[in-house]
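File shown: model-v7.cif (mmCIF, C-alpha atoms).
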data_start
loop_
_atom_site.label_atom_id
_atom_site.label_comp_id
_atom_site.auth_asym_id
_atom_site.auth_seq_id
_atom_site.Cartn_x
_atom_site.Cartn_y
_atom_site.Cartn_z
CA MET A 1 -44.21 -47.23 41.33
CA LEU A 2 -44.94 -47.34 45.07
CA PHE A 3 -46.32 -43.80 44.83
CA LYS A 4 -48.76 -44.99 42.17
CA ILE A 5 -49.91 -47.88 44.33
CA VAL A 6 -50.63 -45.42 47.14
CA LEU A 7 -52.49 -43.22 44.66
CA ALA A 8 -54.51 -46.23 43.48
CA PHE A 9 -55.39 -46.94 47.13
CA PHE A 10 -56.75 -43.43 47.61
CA GLY A 11 -58.22 -43.48 44.12
CA SER A 12 -60.47 -46.33 45.23
CA ILE A 13 -61.37 -44.83 48.59
CA PHE A 14 -62.67 -41.49 47.36
CA PRO A 15 -65.06 -42.83 44.69
CA ALA A 16 -66.32 -45.34 47.26
CA LEU A 17 -67.27 -42.44 49.54
CA LEU A 18 -69.42 -41.05 46.72
CA PHE A 19 -71.33 -44.35 46.66
CA ASN A 20 -72.05 -44.24 50.41
CA ILE A 21 -70.00 -47.29 51.32
CA ASP A 22 -70.23 -48.79 54.80
CA ARG A 23 -67.72 -46.92 56.98
CA ARG A 24 -66.04 -50.10 58.23
CA LYS A 25 -65.21 -51.27 54.70
CA ILE A 26 -63.51 -48.15 53.40
CA LEU A 27 -59.96 -49.43 53.94
CA LEU A 28 -60.77 -52.84 52.44
CA ALA A 29 -62.13 -51.12 49.32
CA GLY A 30 -58.95 -49.08 49.03
CA LEU A 31 -56.84 -52.22 49.35
CA CYS A 32 -58.85 -53.71 46.47
CA GLY A 33 -57.81 -50.88 44.17
CA ALA A 34 -54.18 -51.13 45.27
CA ILE A 35 -54.09 -54.89 44.58
CA GLY A 36 -55.71 -54.48 41.17
CA TRP A 37 -53.25 -51.77 40.18
CA THR A 38 -50.24 -53.79 41.41
CA ALA A 39 -51.38 -56.74 39.29
CA TYR A 40 -51.89 -54.43 36.30
CA GLN A 41 -48.43 -52.88 36.67
CA SER A 42 -46.60 -56.18 37.05
CA VAL A 43 -48.33 -57.75 34.05
CA LEU A 44 -47.71 -54.61 31.99
CA TYR A 45 -44.03 -54.82 32.92
CA PHE A 46 -43.71 -58.42 31.71
CA THR A 47 -45.94 -58.41 28.63
CA GLY A 48 -46.04 -54.76 27.58
CA SER A 49 -49.69 -55.09 26.57
CA PRO A 50 -52.21 -52.85 28.36
CA ILE A 51 -55.06 -55.12 27.27
CA THR A 52 -53.67 -58.27 28.91
CA ALA A 53 -52.65 -56.20 31.92
CA SER A 54 -56.16 -54.80 32.41
CA PHE A 55 -57.64 -58.25 31.97
CA LEU A 56 -55.45 -59.80 34.68
CA GLY A 57 -55.77 -56.72 36.88
CA SER A 58 -59.55 -56.94 36.85
CA ILE A 59 -59.35 -60.69 37.53
CA ALA A 60 -57.25 -59.87 40.61
CA VAL A 61 -59.85 -57.30 41.70
CA GLY A 62 -62.63 -59.82 41.11
CA ILE A 63 -60.95 -62.61 43.09
CA TYR A 64 -60.19 -60.27 45.98
CA SER A 65 -63.74 -58.92 46.22
CA GLU A 66 -65.52 -62.25 45.75
CA THR A 67 -63.34 -63.86 48.43
CA LEU A 68 -63.93 -61.04 50.89
CA ALA A 69 -67.64 -61.08 50.09
CA ARG A 70 -67.79 -64.73 51.10
CA ILE A 71 -65.75 -64.20 54.26
CA ILE A 72 -67.57 -61.21 55.71
CA LYS A 73 -70.95 -61.92 54.06
CA THR A 74 -71.53 -58.74 52.09
CA PRO A 75 -72.32 -58.05 48.42
CA ALA A 76 -69.17 -58.38 46.29
CA PHE A 77 -69.72 -55.25 44.26
CA GLY A 78 -69.05 -53.07 47.30
CA PHE A 79 -65.39 -53.84 46.66
CA LEU A 80 -65.57 -54.50 42.94
CA ILE A 81 -66.74 -51.05 41.92
CA PRO A 82 -64.14 -48.99 43.81
CA GLY A 83 -61.51 -51.57 42.87
CA ILE A 84 -61.77 -51.16 39.11
CA PHE A 85 -61.58 -47.37 39.20
CA PRO A 86 -57.76 -47.24 38.81
CA LEU A 87 -58.00 -49.59 35.82
CA VAL A 88 -60.61 -47.57 33.92
CA PRO A 89 -59.06 -46.25 30.65
CA GLY A 90 -59.93 -42.61 31.30
CA PHE A 91 -56.81 -41.17 29.74
CA LYS A 92 -57.09 -43.33 26.61
CA ALA A 93 -60.74 -42.37 26.18
CA TYR A 94 -59.89 -38.69 26.46
CA THR A 95 -57.04 -39.02 23.95
CA THR A 96 -59.46 -40.61 21.47
CA LEU A 97 -61.82 -37.69 21.93
CA ARG A 98 -59.05 -35.17 21.37
CA TYR A 99 -57.95 -36.83 18.14
CA ILE A 100 -61.55 -36.78 16.90
CA VAL A 101 -61.75 -33.05 17.64
CA GLU A 102 -58.40 -32.46 15.93
CA ASN A 103 -59.80 -34.29 12.87
CA ASN A 104 -57.03 -36.87 13.09
CA LEU A 105 -59.32 -39.79 12.47
CA SER A 106 -56.77 -42.55 11.88
CA GLU A 107 -55.12 -41.89 15.25
CA ALA A 108 -58.58 -41.62 16.81
CA LEU A 109 -59.52 -45.04 15.45
CA ASN A 110 -56.24 -46.45 16.75
CA LYS A 111 -56.77 -45.09 20.26
CA GLY A 112 -60.51 -45.79 20.19
CA ILE A 113 -60.01 -49.46 19.49
CA LEU A 114 -57.43 -49.63 22.28
CA THR A 115 -59.89 -47.96 24.69
CA LEU A 116 -62.69 -50.33 23.76
CA ALA A 117 -60.39 -53.34 24.06
CA VAL A 118 -59.21 -52.28 27.51
CA ALA A 119 -62.77 -51.59 28.68
CA GLY A 120 -63.95 -54.92 27.28
CA SER A 121 -61.12 -56.82 28.91
CA ILE A 122 -61.92 -55.26 32.28
CA GLY A 123 -65.53 -56.32 31.86
CA PHE A 124 -64.54 -59.79 30.77
CA GLY A 125 -62.12 -60.16 33.67
CA ILE A 126 -64.87 -59.34 36.16
CA MET A 127 -67.21 -61.72 34.36
CA LEU A 128 -64.68 -64.54 34.47
CA SER A 129 -63.84 -64.21 38.15
CA THR A 130 -67.52 -63.95 39.10
CA ALA A 131 -68.36 -66.97 36.98
CA ILE A 132 -65.56 -69.05 38.51
CA PHE A 133 -66.70 -68.21 42.02
CA LYS A 134 -70.27 -68.99 41.04
CA ILE A 135 -69.22 -72.45 39.85
CA ILE A 136 -67.14 -73.17 42.96
CA PHE A 137 -69.93 -72.13 45.31
CA ARG A 138 -72.69 -73.67 43.24
CA ASN A 139 -73.37 -76.46 45.73
CA ARG A 140 -74.45 -74.10 48.45
CA ARG A 141 -76.84 -72.32 46.10
CA ALA A 142 -78.31 -75.59 44.90
CA ASP A 143 -78.98 -76.51 48.54
CA SER A 144 -80.82 -73.29 49.21
CA HIS A 145 -82.93 -73.92 46.12
CA LYS A 146 -83.91 -77.37 47.37
CA TYR A 147 -84.87 -75.81 50.68
CA LYS A 148 -87.23 -73.44 48.92
CA ARG A 149 -88.91 -76.30 47.04
CA ASN A 150 -89.57 -78.20 50.23
CA PHE A 151 -90.97 -75.13 51.85
CA SER A 152 -93.72 -74.40 49.40
CA MET B 1 -99.03 -62.30 58.73
CA GLU B 2 -101.45 -61.73 55.88
CA ILE B 3 -100.52 -62.33 52.29
CA LYS B 4 -101.07 -58.68 51.37
CA GLU B 5 -98.72 -57.56 54.11
CA VAL B 6 -96.01 -59.96 52.92
CA ALA B 7 -96.44 -58.57 49.42
CA GLU B 8 -96.10 -55.04 50.77
CA ILE B 9 -92.91 -55.85 52.71
CA ALA B 10 -91.40 -57.64 49.71
CA THR B 11 -92.26 -54.77 47.36
CA PHE B 12 -90.78 -52.21 49.71
CA ALA B 13 -87.54 -54.18 50.07
CA GLY B 14 -87.33 -54.62 46.30
CA GLU B 15 -87.97 -50.92 45.75
CA ILE B 16 -85.12 -49.93 48.08
CA LEU B 17 -82.76 -52.35 46.34
CA LEU B 18 -83.61 -51.22 42.83
CA ARG B 19 -83.55 -47.52 43.72
CA ASN B 20 -80.03 -47.87 45.01
CA GLY B 21 -78.58 -49.65 42.01
CA ALA B 22 -78.67 -53.34 42.92
CA GLU B 23 -78.41 -56.03 40.26
CA ALA B 24 -81.62 -57.63 38.98
CA TYR B 25 -80.82 -61.09 40.31
CA ARG B 26 -80.24 -59.66 43.79
CA VAL B 27 -83.68 -57.99 43.76
CA GLU B 28 -85.39 -61.18 42.61
CA GLU B 29 -83.56 -63.40 45.08
CA THR B 30 -84.23 -61.10 48.02
CA ILE B 31 -87.95 -60.92 47.27
CA LYS B 32 -88.16 -64.70 46.96
CA LYS B 33 -86.29 -65.09 50.25
CA ILE B 34 -88.65 -62.72 52.05
CA CYS B 35 -91.72 -64.56 50.77
CA ASN B 36 -90.21 -67.95 51.64
CA SER B 37 -89.44 -66.92 55.17
CA TYR B 38 -93.18 -66.32 55.74
CA GLY B 39 -94.02 -69.71 54.24
CA LEU B 40 -95.28 -68.32 50.95
CA GLU B 41 -94.01 -68.69 47.44
CA GLY B 42 -92.77 -65.58 45.67
CA GLU B 43 -92.26 -64.97 42.00
CA CYS B 44 -90.57 -61.84 40.80
CA VAL B 45 -89.38 -60.21 37.60
CA SER B 46 -87.15 -57.19 37.90
CA ASN B 47 -86.23 -54.79 35.12
CA SER B 48 -84.06 -51.79 35.69
CA THR B 49 -87.18 -49.60 35.67
CA GLY B 50 -89.62 -51.62 37.74
CA ILE B 51 -90.53 -54.81 39.58
CA PHE B 52 -93.43 -57.24 39.22
CA ILE B 53 -94.14 -59.44 42.23
CA SER B 54 -96.57 -62.29 42.74
CA VAL B 55 -97.01 -63.82 46.19
CA ILE B 56 -98.67 -67.23 46.21
CA THR B 57 -100.06 -69.09 49.23
CA PRO B 58 -99.96 -72.91 49.43
CA ASP B 59 -103.74 -73.06 48.81
CA GLY B 60 -103.46 -71.07 45.62
CA GLN B 61 -104.34 -67.51 46.63
CA LEU B 62 -102.43 -64.92 44.64
CA VAL B 63 -101.48 -61.30 45.22
CA THR B 64 -99.62 -59.39 42.51
CA THR B 65 -98.05 -55.97 42.81
CA VAL B 66 -96.22 -53.79 40.34
CA LYS B 67 -93.80 -51.04 41.32
CA ARG B 68 -92.36 -48.53 38.91
CA ILE B 69 -88.95 -47.10 39.86
CA LYS B 70 -88.26 -43.68 38.40
CA GLN B 71 -85.22 -42.44 40.26
CA ARG B 72 -82.05 -44.46 40.51
CA ASP B 73 -78.99 -43.80 42.59
CA VAL B 74 -76.02 -45.73 43.85
CA ASP B 75 -75.89 -46.55 47.52
CA LEU B 76 -73.88 -49.56 48.60
CA TYR B 77 -74.75 -49.18 52.28
CA ARG B 78 -78.51 -49.54 51.85
CA ILE B 79 -78.14 -52.58 49.60
CA GLU B 80 -75.99 -54.19 52.23
CA ARG B 81 -78.53 -53.45 54.97
CA ILE B 82 -81.36 -55.02 52.93
CA ASN B 83 -79.13 -58.01 52.24
CA SER B 84 -78.60 -58.70 55.92
CA PHE B 85 -82.28 -57.90 56.65
CA SER B 86 -83.46 -60.66 54.31
CA ARG B 87 -80.89 -63.08 55.70
CA GLU B 88 -82.08 -62.43 59.26
CA LEU B 89 -85.67 -62.82 58.16
CA MET B 90 -84.93 -66.40 57.08
CA ASN B 91 -83.92 -67.27 60.66
CA LYS B 92 -86.51 -65.25 62.55
CA PRO B 93 -89.59 -63.87 60.73
CA LEU B 94 -90.49 -60.44 62.07
CA SER B 95 -94.06 -59.21 62.47
CA TYR B 96 -95.50 -56.78 59.91
CA GLU B 97 -94.99 -53.69 62.05
CA GLU B 98 -91.44 -54.64 63.02
CA ALA B 99 -90.42 -55.43 59.43
CA LYS B 100 -92.00 -52.22 58.21
CA LYS B 101 -90.13 -50.26 60.86
CA VAL B 102 -86.77 -51.82 59.95
CA LEU B 103 -87.35 -51.17 56.24
CA ARG B 104 -88.33 -47.57 56.86
CA GLU B 105 -85.22 -47.11 58.92
CA ILE B 106 -83.09 -48.48 56.07
CA TYR B 107 -84.94 -46.23 53.61
CA ASN B 108 -84.02 -43.18 55.69
CA ALA B 109 -80.51 -44.40 56.54
CA PRO B 110 -77.94 -41.62 56.75
CA ASN B 111 -75.86 -40.72 53.73
CA PHE B 112 -72.57 -38.87 53.85
CA SER B 113 -73.25 -35.15 54.05
CA LEU B 114 -72.96 -33.05 50.91
CA GLY B 115 -69.73 -31.52 52.22
CA VAL B 116 -68.06 -34.91 52.60
CA ARG B 117 -69.22 -35.97 49.16
CA LEU B 118 -67.96 -32.78 47.55
CA PHE B 119 -64.63 -33.31 49.30
CA ALA B 120 -64.54 -36.92 48.06
CA ALA B 121 -65.33 -35.81 44.50
CA SER B 122 -62.59 -33.20 44.53
CA MET B 123 -60.07 -35.62 46.04
CA THR B 124 -60.98 -38.22 43.41
CA ALA B 125 -60.14 -35.73 40.68
CA PHE B 126 -56.97 -34.70 42.53
CA VAL B 127 -55.74 -38.28 42.94
CA TYR B 128 -56.49 -39.28 39.36
CA THR B 129 -54.79 -36.25 37.85
CA LEU B 130 -51.63 -37.26 39.71
CA PHE B 131 -52.28 -40.86 38.74
CA PHE B 132 -52.22 -39.96 35.02
CA ASP B 133 -48.88 -38.15 35.48
CA GLY B 134 -50.23 -34.62 35.93
CA GLY B 135 -48.56 -32.02 38.11
CA ILE B 136 -49.74 -30.75 41.48
CA LEU B 137 -51.08 -27.54 39.90
CA ASP B 138 -53.14 -29.52 37.39
CA ALA B 139 -54.46 -31.69 40.20
CA ALA B 140 -55.54 -28.71 42.28
CA VAL B 141 -57.34 -27.11 39.32
CA SER B 142 -59.03 -30.38 38.49
CA ALA B 143 -60.19 -30.76 42.10
CA VAL B 144 -61.77 -27.30 42.09
CA ILE B 145 -63.52 -27.93 38.76
CA SER B 146 -64.93 -31.25 39.89
CA ILE B 147 -66.37 -29.69 43.06
CA GLY B 148 -68.40 -27.38 40.84
CA VAL B 149 -69.42 -30.13 38.46
CA TYR B 150 -70.44 -32.54 41.21
CA TYR B 151 -72.50 -29.85 42.90
CA MET B 152 -74.20 -29.05 39.59
CA LEU B 153 -75.00 -32.74 38.97
CA GLU B 154 -76.34 -33.10 42.51
CA ARG B 155 -78.72 -30.15 42.00
CA ALA B 156 -79.75 -31.44 38.58
CA THR B 157 -80.75 -34.84 39.98
CA LYS B 158 -82.69 -33.13 42.78
CA ILE B 159 -84.65 -31.07 40.29
CA GLY B 160 -85.15 -34.22 38.24
CA SER B 161 -84.06 -32.78 34.94
CA PHE B 162 -83.05 -34.76 31.89
CA GLN B 163 -80.10 -36.94 32.95
CA PHE B 164 -78.11 -36.79 29.74
CA LEU B 165 -78.43 -33.03 29.52
CA ALA B 166 -76.84 -32.79 32.96
CA TYR B 167 -73.93 -34.97 31.85
CA TYR B 168 -73.55 -32.98 28.63
CA LEU B 169 -73.40 -29.76 30.64
CA SER B 170 -70.84 -31.20 33.04
CA GLY B 171 -68.64 -32.24 30.13
CA LEU B 172 -69.02 -28.75 28.68
CA ILE B 173 -68.12 -27.10 32.00
CA ILE B 174 -65.05 -29.29 32.44
CA GLY B 175 -63.87 -28.56 28.90
CA VAL B 176 -64.48 -24.82 28.97
CA ALA B 177 -63.03 -24.34 32.45
CA SER B 178 -59.83 -26.26 31.82
CA LEU B 179 -59.23 -24.66 28.41
CA ALA B 180 -59.90 -21.18 29.75
CA LEU B 181 -57.52 -21.78 32.63
CA GLN B 182 -54.82 -23.00 30.28
CA ILE B 183 -55.20 -19.84 28.19
CA LEU B 184 -54.94 -17.68 31.32
CA VAL B 185 -52.20 -19.67 33.08
CA PRO B 186 -49.96 -21.42 30.54
CA GLU B 187 -48.40 -23.71 33.19
CA ILE B 188 -51.65 -25.68 33.42
CA ASN B 189 -52.00 -28.63 31.07
CA LYS B 190 -55.64 -29.02 30.00
CA ASP B 191 -55.30 -32.72 29.11
CA ASN B 192 -54.32 -33.69 32.64
CA VAL B 193 -57.03 -31.53 34.18
CA ILE B 194 -59.76 -33.03 31.99
CA THR B 195 -58.72 -36.66 32.55
CA GLY B 196 -58.75 -36.16 36.30
CA ALA B 197 -62.12 -34.42 36.30
CA ILE B 198 -64.02 -36.90 34.09
CA ILE B 199 -63.22 -39.87 36.35
CA VAL B 200 -65.76 -38.59 38.89
CA LEU B 201 -68.52 -38.72 36.29
CA LEU B 202 -67.81 -42.19 34.91
CA PRO B 203 -70.78 -44.57 35.25
CA GLY B 204 -68.71 -47.38 36.77
CA VAL B 205 -71.59 -48.91 38.69
CA ALA B 206 -73.92 -49.07 35.71
CA LEU B 207 -71.19 -50.74 33.65
CA THR B 208 -70.20 -53.42 36.18
CA ASN B 209 -73.77 -54.19 37.20
CA GLY B 210 -74.81 -54.36 33.56
CA ILE B 211 -72.10 -56.94 32.92
CA LYS B 212 -73.13 -58.90 36.01
CA ASP B 213 -76.81 -58.83 35.01
CA ILE B 214 -75.99 -60.21 31.59
CA LEU B 215 -73.82 -62.88 33.18
CA TYR B 216 -76.71 -63.99 35.37
CA GLY B 217 -79.05 -64.11 32.36
CA ASP B 218 -81.03 -60.92 33.03
CA PHE B 219 -80.53 -59.60 29.52
CA VAL B 220 -83.23 -56.93 29.63
CA SER B 221 -81.93 -55.19 32.71
CA GLY B 222 -78.27 -55.79 31.76
CA SER B 223 -78.52 -54.24 28.32
CA ALA B 224 -80.58 -51.36 29.73
CA LYS B 225 -77.83 -50.59 32.23
CA LEU B 226 -75.10 -50.92 29.62
CA SER B 227 -76.88 -48.59 27.22
CA GLU B 228 -77.40 -46.10 30.04
CA ALA B 229 -73.67 -46.19 30.76
CA VAL B 230 -72.77 -45.78 27.08
CA LEU B 231 -75.17 -42.86 26.69
CA ILE B 232 -73.72 -41.13 29.75
CA ILE B 233 -70.19 -41.54 28.36
CA ILE B 234 -71.27 -40.21 24.96
CA ALA B 235 -73.09 -37.23 26.47
CA MET B 236 -70.03 -36.34 28.53
CA GLY B 237 -67.68 -36.83 25.58
CA VAL B 238 -69.78 -34.65 23.31
CA GLY B 239 -69.79 -31.94 25.98
CA ILE B 240 -65.99 -31.95 26.21
CA ALA B 241 -65.67 -32.17 22.43
CA THR B 242 -67.90 -29.10 22.00
CA ALA B 243 -65.67 -27.08 24.30
CA LEU B 244 -62.49 -28.36 22.68
CA SER B 245 -63.56 -27.72 19.11
CA PHE B 246 -64.54 -24.12 19.80
CA LEU B 247 -61.64 -23.16 22.04
CA MET B 248 -58.76 -25.24 20.67
CA LYS B 249 -57.68 -22.42 18.32
CA TRP B 250 -56.62 -20.12 21.12
CA VAL B 251 -54.48 -22.64 22.97
#
In structure tokens, write the structure found in this file.
Amino acid sequence: MLFKIVLAFFGSIFPALLFNIDRRKILLAGLCGAIGWTAYQSVLYFTGSPITASFLGSIAVGIYSETLARIIKTPAFGFLIPGIFPLVPGFKAYTTLRYIVENNLSEALNKGILTLAVAGSIGFGIMLSTAIFKIIFRNRRADSHKYKRNFS
Amino acid sequence: MEIKEVAEIATFAGEILLRNGAEAYRVEETIKKICNSYGLEGECVSNSTGIFISVITPDGQLVTTVKRIKQRDVDLYRIERINSFSRELMNKPLSYEEAKKVLREIYNAPNFSLGVRLFAASMTAFVYTLFFDGGILDAAVSAVISIGVYYMLERATKIGSFQFLAYYLSGLIIGVASLALQILVPEINKDNVITGAIIVLLPGVALTNGIKDILYGDFVSGSAKLSEAVLIIIAMGVGIATALSFLMKWV
């Protein structure tokens, strides 16, 4: 369990290096992946459903990165993208593919729907956390809009 | 500063953002901010393949520019630099030469060297093979394969070849290499090797930014990014499936 959290930490750092992340934010990006994976594991332990677990895991990733983005004034997706890497259903997607090749279409459909549901719930979790933060911080944006109007 | 120069600065900043995989709303907001900080009004539409900018003076003069973006990459560092550049511009407008100099510096900002990136790609595959319950041997094999695949993809983007062909070939290489290695060394499990190696190729940025674009109401650019991501996944999957269906018999 702890070993997997450490792996998730490194599993967020190395993809982030491929995207040329700012050197000072490498550790924060790794922490994002570790938090997301911890949330995923704990929800999976209590509910047993990978779909709910991915949903809440990606919400945790979203909240972490949007909060940090507001604190240190940087785009949120610098943390968001490395953070969801451990949650991506790579193994499920590959299993689907293998069943298709083996001509075992009913199992492939089974796994394929699971893969799509997990991917969709990750996407929806990110959407939800971004939308919530957008609503909370709407006032500041509205102010900046007013400023623009006065200017021109 | 003249209106044409403002338009040039804004276009350049937008081009850097879009080239490095920023979301459409970020491009539009940054361009508007740059125009506002010089006391002009800016109007911008950004697709994933190009930007249209109009700069309008208070007395009604209008300059419009169009910029087509052909090559797209992911570079979080440059996006961040442009972000802080536009924020600083709001407080203290720079002159044309200064702004141009800063933008050119961001455009040529250092990337990690190819060696570091190859190392990162191989370590990604290594970590994710262990993550999906593979053994150390599987992880090492997967790391070696993904070095080759990442290098191949890097060359293919430099040459500017057809993107999906490159992803198809990388899927094929991953499949053939891991199956061949399992036939030669029976201790290796091909499933673990493949799952570790494909993580490096996943279009995570296109997917998340596509979702974000749709959330912000930029449906054109959002669905373009999502379909790009889906096509990359399909190309990669077909590549692996080709290798599996021809070589599965001998395993």
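For Ser58 (chain A), the residues within 8 Å (counting all atoms listed in the file, excluding itself and residues fewer than 4 positions away along the chain) are A:Gly36, A:Ser54, A:Gly62, A:Ile84, A:Leu87, A:Ile122, A:Gly123, A:Gly125, A:Ile126.
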Kindly save the residues from that selection, with C-alpha atoms included, as a JSON list (two decimals), in the coordinates of the input.
[["chain", "number", "residue", "atom", "x", "y", "z"],
["A", 36, "GLY", "CA", -55.71, -54.48, 41.17],
["A", 54, "SER", "CA", -56.16, -54.80, 32.41],
["A", 62, "GLY", "CA", -62.63, -59.82, 41.11],
["A", 84, "ILE", "CA", -61.77, -51.16, 39.11],
["A", 87, "LEU", "CA", -58.00, -49.59, 35.82],
["A", 122, "ILE", "CA", -61.92, -55.26, 32.28],
["A", 123, "GLY", "CA", -65.53, -56.32, 31.86],
["A", 125, "GLY", "CA", -62.12, -60.16, 33.67],
["A", 126, "ILE", "CA", -64.87, -59.34, 36.16]]
**Request:** Output the residue selection produced by the PyMOL selection byres ((chain B) within 6 of (chain A)) on the file above, formatted as number ranges by chain.
**Result:** B: 74-77, 117, 120, 124, 127, 195, 245
**Asked** By how many Å are CA of Tyr107 (chain B) and CA of Lys33 (chain B) apart?
**Response** 19.2 Å
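The set of residues that the PyMOL selection byres ((chain A and resi 47-51) around 8) takes from this file is Val43, Leu44, Tyr45, Phe46, Thr52, Ala53, Ser54, Phe55, Leu114, Ala117, Val118 and Ser121 of chain A.
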Would you write out, as a compact mmCIF listing (two decimals) with C-alpha atoms, keeping the file's coordinate frame, every residue that the PyMOL selection byres ((chain B and resi 43-48) around 7) captures in this file?
# COMPACT_ATOMS: atom_id res chain seq x y z
CA ALA B 24 -81.62 -57.63 38.98
CA VAL B 27 -83.68 -57.99 43.76
CA GLU B 28 -85.39 -61.18 42.61
CA LYS B 32 -88.16 -64.70 46.96
CA GLU B 41 -94.01 -68.69 47.44
CA GLY B 42 -92.77 -65.58 45.67
CA THR B 49 -87.18 -49.60 35.67
CA GLY B 50 -89.62 -51.62 37.74
CA ILE B 51 -90.53 -54.81 39.58
CA PHE B 52 -93.43 -57.24 39.22
CA ILE B 53 -94.14 -59.44 42.23
CA SER B 54 -96.57 -62.29 42.74
CA VAL B 55 -97.01 -63.82 46.19
CA VAL B 220 -83.23 -56.93 29.63
CA SER B 221 -81.93 -55.19 32.71
CA ALA B 224 -80.58 -51.36 29.73
**Request:** Quick one: pull the distance between CA of Glu15 (chain B) and CA of Lys67 (chain B), Å, one decimal.
**Result:** 7.3 Å
**Request:** Go ahead and compute the interatomic distance for CA of Arg155 (chain B) and CA of Tyr128 (chain B), in Å to one decimal.
**Result:**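 Going from CA of Arg155 (chain B) over to CA of Tyr128 (chain B) covers 24.2 Å.
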For region 5-10 of chain B: contacts at 9 Å, all atoms listed in the file, fewer than 4 positions along chain excluded, given as a PDB file with C-alpha atoms, in the frame of the given file:
ATOM      1  CA  MET B   1     -99.030 -62.300  58.730  1.00  0.00           C
ATOM      2  CA  GLY B  14     -87.330 -54.620  46.300  1.00  0.00           C
ATOM      3  CA  GLU B  15     -87.970 -50.920  45.750  1.00  0.00           C
ATOM      4  CA  THR B  30     -84.230 -61.100  48.020  1.00  0.00           C
ATOM      5  CA  ILE B  31     -87.950 -60.920  47.270  1.00  0.00           C
ATOM      6  CA  LYS B  32     -88.160 -64.700  46.960  1.00  0.00           C
ATOM      7  CA  ILE B  34     -88.650 -62.720  52.050  1.00  0.00           C
ATOM      8  CA  CYS B  35     -91.720 -64.560  50.770  1.00  0.00           C
ATOM      9  CA  TYR B  38     -93.180 -66.320  55.740  1.00  0.00           C
ATOM     10  CA  LEU B  40     -95.280 -68.320  50.950  1.00  0.00           C
ATOM     11  CA  GLY B  42     -92.770 -65.580  45.670  1.00  0.00           C
ATOM     12  CA  ILE B  53     -94.140 -59.440  42.230  1.00  0.00           C
ATOM     13  CA  SER B  54     -96.570 -62.290  42.740  1.00  0.00           C
ATOM     14  CA  VAL B  55     -97.010 -63.820  46.190  1.00  0.00           C
ATOM     15  CA  VAL B  63    -101.480 -61.300  45.220  1.00  0.00           C
ATOM     16  CA  THR B  64     -99.620 -59.390  42.510  1.00  0.00           C
ATOM     17  CA  THR B  65     -98.050 -55.970  42.810  1.00  0.00           C
ATOM     18  CA  TYR B  96     -95.500 -56.780  59.910  1.00  0.00           C
ATOM     19  CA  ALA B  99     -90.420 -55.430  59.430  1.00  0.00           C
ATOM     20  CA  LYS B 100     -92.000 -52.220  58.210  1.00  0.00           C
ATOM     21  CA  LEU B 103     -87.350 -51.170  56.240  1.00  0.00           C
TER      22      LEU B 103
END
**Request:** Considering all atoms listed in the file, state which residue in the set B:Ala22, B:Ile188, B:Ala140, B:Ala177 is at the smallest distance from Gly222 (chain B).
**Result:** B:Ala22
**Request:** For Ile174 (chain B), work out the shell of residues within 12 Å, counting all atoms listed in the file and skipping chain neighbours fewer than 3 positions away, then give it as a ChimeraX atom specification.
**Result:** /B:125,141-150,152,167-171,177-181,190-201,236-244
Could you turn the residues from that selection into a file that holds C-alpha atoms, as a tab-separated table (two decimals), in the frame of the given file?
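Written output follows (selection_20.tsv):
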chain	number	residue	atom	x	y	z
B	125	ALA	CA	-60.14	-35.73	40.68
B	141	VAL	CA	-57.34	-27.11	39.32
B	142	SER	CA	-59.03	-30.38	38.49
B	143	ALA	CA	-60.19	-30.76	42.10
B	144	VAL	CA	-61.77	-27.30	42.09
B	145	ILE	CA	-63.52	-27.93	38.76
B	146	SER	CA	-64.93	-31.25	39.89
B	147	ILE	CA	-66.37	-29.69	43.06
B	148	GLY	CA	-68.40	-27.38	40.84
B	149	VAL	CA	-69.42	-30.13	38.46
B	150	TYR	CA	-70.44	-32.54	41.21
B	152	MET	CA	-74.20	-29.05	39.59
B	167	TYR	CA	-73.93	-34.97	31.85
B	168	TYR	CA	-73.55	-32.98	28.63
B	169	LEU	CA	-73.40	-29.76	30.64
B	170	SER	CA	-70.84	-31.20	33.04
B	171	GLY	CA	-68.64	-32.24	30.13
B	177	ALA	CA	-63.03	-24.34	32.45
B	178	SER	CA	-59.83	-26.26	31.82
B	179	LEU	CA	-59.23	-24.66	28.41
B	180	ALA	CA	-59.90	-21.18	29.75
B	181	LEU	CA	-57.52	-21.78	32.63
B	190	LYS	CA	-55.64	-29.02	30.00
B	191	ASP	CA	-55.30	-32.72	29.11
B	192	ASN	CA	-54.32	-33.69	32.64
B	193	VAL	CA	-57.03	-31.53	34.18
B	194	ILE	CA	-59.76	-33.03	31.99
B	195	THR	CA	-58.72	-36.66	32.55
B	196	GLY	CA	-58.75	-36.16	36.30
B	197	ALA	CA	-62.12	-34.42	36.30
B	198	ILE	CA	-64.02	-36.90	34.09
B	199	ILE	CA	-63.22	-39.87	36.35
B	200	VAL	CA	-65.76	-38.59	38.89
B	201	LEU	CA	-68.52	-38.72	36.29
B	236	MET	CA	-70.03	-36.34	28.53
B	237	GLY	CA	-67.68	-36.83	25.58
B	238	VAL	CA	-69.78	-34.65	23.31
B	239	GLY	CA	-69.79	-31.94	25.98
B	240	ILE	CA	-65.99	-31.95	26.21
B	241	ALA	CA	-65.67	-32.17	22.43
B	242	THR	CA	-67.90	-29.10	22.00
B	243	ALA	CA	-65.67	-27.08	24.30
B	244	LEU	CA	-62.49	-28.36	22.68
